[in-house]
Amino acid sequence: MKKQTKAIRTQAAKSQNREHSVPLYLTSSFAFESAEQGKALFDETEDGNIYSRFSNPNVTEFVDKVCMLENAEDGIATGTGMAAVFASMAALLKSGDHIVACRALFGSAHQIITQILSKWGITHTYLDATATEAEWEEAIQANPTKMVYLETPSNPGLELVDLTMLARLKAKYGFILNVDNCFATPILQLPIDLGADLSIHSATKYMDGQGRVLGGIVVGSKELIQPIRFFARHTGPSLSPFNAWVLSKSLETLELRMDRHCSNALALAEALDVHPDVALVKYPFLPSHPQYELAKQQMSAGGAIVTIELDGGFERVSAFFAALQIPTLSSNLGDSRTIVTNPNTTTHAKLKPEEKAALGITPGLIRISVGLEAIEDLIADFTQAIEKSATVVTADVVKENVA
């Protein structure tokens, strides 16, 4: 049976009411049929629901679907994507451990590694996404490395890391390979099949796909999910039943939506790549991307994020955003509606100037989360905004020179 079919047909068991659509289980707790059953549930000799902080039928259905899509043994859902990232680290690392991470990370992941884990005596080493196998091996050997953590493609620079290469090093050194697969989704990339131990998602993004709810999930082997579940059970980053219900329904259309997202993103990237007034276009499936061959090897399509750079700094970006008619200006991504943001002043604003420089985050960088609108409309709107913003910036320069 194809995964698209399983994503639609995997459901919680029907109740005595024989419902076609899975109901919402909006309950804080679950009743025991006997004292013996309560004992069995708590000593884990019987499977079942106790309390919605631990498990809930809606949450279980969502987790089962993601595990199926990711080819994972087990998983745990959380209230947000960052809760999933943090749980995957805090549950498996201890004082004295070392984590090697790709330098190209979402700002909050960077803060967890540098500001929170460091307080617990967990050290880190950053490497560029384009680091060679020898450089990765050197960083891993230099300390008792417990985990390698990365995003591929990265946010916002769309840098890729060779997962097969890291799987070879994992087999040699025995670290946990922890991959944020949010940008690719399990439709485009399967980190566990490529050798990763854990795959993480901000379900808020493409798994929901319509900007409605927050959620996160981490999937992997039963051996690693067990301590993460223990951590989540006792610290409480629970996914609400309502959000799980929304996310599970959304997974039924994830493959269809990603197909349109990717075709739109590629077409927009190709159009902007030949525009004379666009300084830079990055998209994994553009031949001009420096890791194009790697992208073709480990992804089935290029994803829905395109980054561009316009000359003229923040003033140009501001004029460009003002001229756009269709996209939403927001720091979110993964929506059916196209969204644009300036990472330098939003998602990565807290990074130091030298950290931004290392990641290629310039004042003129724009991250585009390409939506499901008609591609002809998007190309026309971006083209006119580029041209109009160029005129505004040129006029400002002329005024300054005259003054």
# chains A, B, ... in the order shown; residues from 1 in each chain; ligands from 1
>>> residues_around(residues="Tyr173 of chain A", least_positions_apart="3", cutoff="8 Å", atoms="only C-alpha atoms", output="list in words")
Ile140, Leu169 and Lys170 of chain A
>>> write_last_selection(atoms="N, CA, C and O atoms", output="compact mmCIF listing (two decimals), in the first residue's frame")
# COMPACT_ATOMS: atom_id res chain seq x y z
N ILE A 140 34.52 15.51 15.48
CA ILE A 140 33.92 14.43 16.25
C ILE A 140 34.95 13.74 17.14
O ILE A 140 34.69 13.41 18.29
N LEU A 169 30.37 8.09 9.40
CA LEU A 169 31.08 8.48 10.62
C LEU A 169 30.35 8.00 11.86
O LEU A 169 30.99 7.63 12.86
N LYS A 170 29.04 7.97 11.82
CA LYS A 170 28.26 7.46 12.96
C LYS A 170 28.57 5.99 13.22
O LYS A 170 28.72 5.56 14.38
>>> closest_atom_pairs(of="segment 136-209 of chain A", to="segment 6-21 of chain A", cutoff="12 Å", atoms="only C-alpha atoms", output="JSON lines")
{"residue": "A:Pro186", "atom": "CA", "partner": "A:Ala7", "partner_atom": "CA", "distance": 11.8}
{"residue": "A:Ile187", "atom": "CA", "partner": "A:Ala7", "partner_atom": "CA", "distance": 11.4}
{"residue": "A:Met207", "atom": "CA", "partner": "A:Ala7", "partner_atom": "CA", "distance": 11.7}
>>> write_last_selection(atoms="N, CA and C atoms", output="JSON list (two decimals), in the first residue's frame")
[["chain", "number", "residue", "atom", "x", "y", "z"],
["A", 186, "PRO", "N", 8.97, 14.52, 5.20],
["A", 186, "PRO", "CA", 9.22, 13.13, 4.80],
["A", 186, "PRO", "C", 8.80, 12.82, 3.38],
["A", 187, "ILE", "N", 8.12, 13.75, 2.74],
["A", 187, "ILE", "CA", 7.76, 13.55, 1.33],
["A", 187, "ILE", "C", 8.99, 13.69, 0.43],
["A", 207, "MET", "N", 3.50, 20.29, 7.80],
["A", 207, "MET", "CA", 2.56, 19.25, 8.23],
["A", 207, "MET", "C", 1.18, 19.83, 8.46]]
>>> residues_around(residues="segment 209-217 of chain A", least_positions_apart="3", cutoff="6 Å", atoms="only C-alpha atoms", output="VMD selection string")
chain A and resid 76 to 81 84 200 to 206 243 334 to 336
>>> closest_residue(among="A:Pro241, A:Pro343, A:Gly75, A:Pro23", to="Ser331 of chain A", atoms="only C-alpha atoms")
A:Pro343
>>> residues_around(residues="Asp193 of chain A", least_positions_apart="2", cutoff="9 Å", atoms="only C-alpha atoms", output="tab-separated table (two decimals) with C-alpha atoms, in the first residue's frame")
chain	number	residue	atom	x	y	z
A	70	GLU	CA	9.46	8.61	8.04
A	71	ASN	CA	9.98	4.82	8.26
A	72	ALA	CA	10.55	5.25	12.00
A	189	GLN	CA	13.69	13.34	2.24
A	190	LEU	CA	13.99	10.38	4.61
A	191	PRO	CA	16.89	10.98	7.00
A	195	GLY	CA	21.39	6.71	8.37
A	196	ALA	CA	20.00	9.23	10.87
>>> select_by_dssp(residues="segment 49-183 of chain A", states="strand (DSSP E)", output="JSON, numbers by chain")
{"A": [74, 75, 76, 77, 78, 98, 99, 100, 101, 102, 123, 124, 125, 126, 127, 145, 146, 147, 148, 149, 150, 151, 176, 177, 178, 179, 180]}
>>> residues_around(residues="Phe30 of chain A", least_positions_apart="2", cutoff="8 Å", atoms="only C-alpha atoms", output="list in words")
Thr27, Ser28, Phe32, Asn49, Ile50 and Tyr51 of chain A
>>> residues_around(residues="Val306 of chain A", least_positions_apart="2", cutoff="9 Å", atoms="only C-alpha atoms", output="PyMOL selection string")
chain A and resi 156-158+265-266+268-269+281-284+303-304+308+366-370
>>> write_last_selection(atoms="N, CA and C atoms", output="PDB file, in the first residue's frame")
ATOM      1  N   PRO A 156      18.311  30.118   7.037  1.00  0.00           N
ATOM      2  CA  PRO A 156      17.575  30.375   5.796  1.00  0.00           C
ATOM      3  C   PRO A 156      18.413  30.143   4.533  1.00  0.00           C
ATOM      4  N   GLY A 157      19.680  29.714   4.701  1.00  0.00           N
ATOM      5  CA  GLY A 157      20.603  29.706   3.575  1.00  0.00           C
ATOM      6  C   GLY A 157      20.489  28.546   2.623  1.00  0.00           C
ATOM      7  N   LEU A 158      19.620  27.557   2.954  1.00  0.00           N
ATOM      8  CA  LEU A 158      19.395  26.388   2.097  1.00  0.00           C
ATOM      9  C   LEU A 158      20.696  25.639   1.799  1.00  0.00           C
ATOM     10  N   ALA A 265       7.963  26.668  -6.356  1.00  0.00           N
ATOM     11  CA  ALA A 265       9.244  27.211  -5.898  1.00  0.00           C
ATOM     12  C   ALA A 265      10.302  27.126  -6.992  1.00  0.00           C
ATOM     13  N   LEU A 266      10.349  26.008  -7.683  1.00  0.00           N
ATOM     14  CA  LEU A 266      11.334  25.858  -8.761  1.00  0.00           C
ATOM     15  C   LEU A 266      11.067  26.869  -9.871  1.00  0.00           C
ATOM     16  N   LEU A 268       9.530  29.780  -9.664  1.00  0.00           N
ATOM     17  CA  LEU A 268       9.852  31.133  -9.192  1.00  0.00           C
ATOM     18  C   LEU A 268      11.360  31.324  -9.125  1.00  0.00           C
ATOM     19  N   ALA A 269      12.071  30.329  -8.635  1.00  0.00           N
ATOM     20  CA  ALA A 269      13.533  30.421  -8.566  1.00  0.00           C
ATOM     21  C   ALA A 269      14.142  30.588  -9.950  1.00  0.00           C
ATOM     22  N   VAL A 281      20.185  34.090  -6.146  1.00  0.00           N
ATOM     23  CA  VAL A 281      19.057  33.183  -5.960  1.00  0.00           C
ATOM     24  C   VAL A 281      19.604  31.838  -5.506  1.00  0.00           C
ATOM     25  N   LYS A 282      19.055  31.311  -4.401  1.00  0.00           N
ATOM     26  CA  LYS A 282      19.451  29.976  -3.937  1.00  0.00           C
ATOM     27  C   LYS A 282      18.221  29.089  -3.830  1.00  0.00           C
ATOM     28  N   TYR A 283      18.329  27.920  -4.446  1.00  0.00           N
ATOM     29  CA  TYR A 283      17.283  26.908  -4.380  1.00  0.00           C
ATOM     30  C   TYR A 283      17.945  25.566  -4.661  1.00  0.00           C
ATOM     31  N   PRO A 284      17.739  24.551  -3.841  1.00  0.00           N
ATOM     32  CA  PRO A 284      18.488  23.304  -3.975  1.00  0.00           C
ATOM     33  C   PRO A 284      18.433  22.641  -5.341  1.00  0.00           C
ATOM     34  N   GLY A 303      11.995  21.416  -2.442  1.00  0.00           N
ATOM     35  CA  GLY A 303      11.346  22.076  -1.325  1.00  0.00           C
ATOM     36  C   GLY A 303      10.635  23.349  -1.729  1.00  0.00           C
ATOM     37  N   ALA A 304      10.138  24.069  -0.732  1.00  0.00           N
ATOM     38  CA  ALA A 304       9.294  25.238  -0.985  1.00  0.00           C
ATOM     39  C   ALA A 304       9.935  26.555  -0.606  1.00  0.00           C
ATOM     40  N   ILE A 308      16.599  34.871  -1.873  1.00  0.00           N
ATOM     41  CA  ILE A 308      17.161  35.788  -2.855  1.00  0.00           C
ATOM     42  C   ILE A 308      17.848  36.928  -2.117  1.00  0.00           C
ATOM     43  N   ILE A 366      16.402  37.791   1.528  1.00  0.00           N
ATOM     44  CA  ILE A 366      14.961  37.582   1.658  1.00  0.00           C
ATOM     45  C   ILE A 366      14.673  36.092   1.564  1.00  0.00           C
ATOM     46  N   ARG A 367      13.967  35.579   2.563  1.00  0.00           N
ATOM     47  CA  ARG A 367      13.534  34.176   2.526  1.00  0.00           C
ATOM     48  C   ARG A 367      12.092  34.129   2.035  1.00  0.00           C
ATOM     49  N   ILE A 368      11.859  33.343   1.014  1.00  0.00           N
ATOM     50  CA  ILE A 368      10.527  33.213   0.425  1.00  0.00           C
ATOM     51  C   ILE A 368      10.000  31.812   0.694  1.00  0.00           C
ATOM     52  N   SER A 369       8.905  31.727   1.418  1.00  0.00           N
ATOM     53  CA  SER A 369       8.196  30.459   1.580  1.00  0.00           C
ATOM     54  C   SER A 369       7.113  30.439   0.509  1.00  0.00           C
ATOM     55  N   VAL A 370       7.359  29.681  -0.542  1.00  0.00           N
ATOM     56  CA  VAL A 370       6.499  29.725  -1.726  1.00  0.00           C
ATOM     57  C   VAL A 370       5.224  28.928  -1.465  1.00  0.00           C
TER      58      VAL A 370
END
>>> residues_around(residues="Glu223 of chain A", least_positions_apart="2", cutoff="12 Å", atoms="only C-alpha atoms", output="list in words")
Ala72, Glu73, Asp74, Gly75, Leu92, Ile176, Asp197, Leu198, Val219, Gly220, Ser221, Ile225, Gln226, Pro227, Ile228, Arg229 and Phe230 of chain A
>>> atom_distance(atom1="atom CA of Thr347 of chain A", atom2="atom CA of Met89 of chain A")
21.3 Å
>>> closest_residue(among="A:Gly302, A:Pro363, A:Pro276, A:Gly48", to="Ser318 of chain A", atoms="only C-alpha atoms")
A:Pro363
>>> atom_distance(atom1="atom CA of Thr341 of chain A", atom2="atom CA of Ser300 of chain A")
25.9 Å
>>> select_by_dssp(residues="segment 199-275 of chain A", states="helix (DSSP H, G or I)", output="VMD selection string")
chain A and resid 222 to 235 241 to 251 254 to 273
>>> atom_distance(atom1="atom CA of Asp311 of chain A", atom2="atom CA of Asn155 of chain A")
20.8 Å
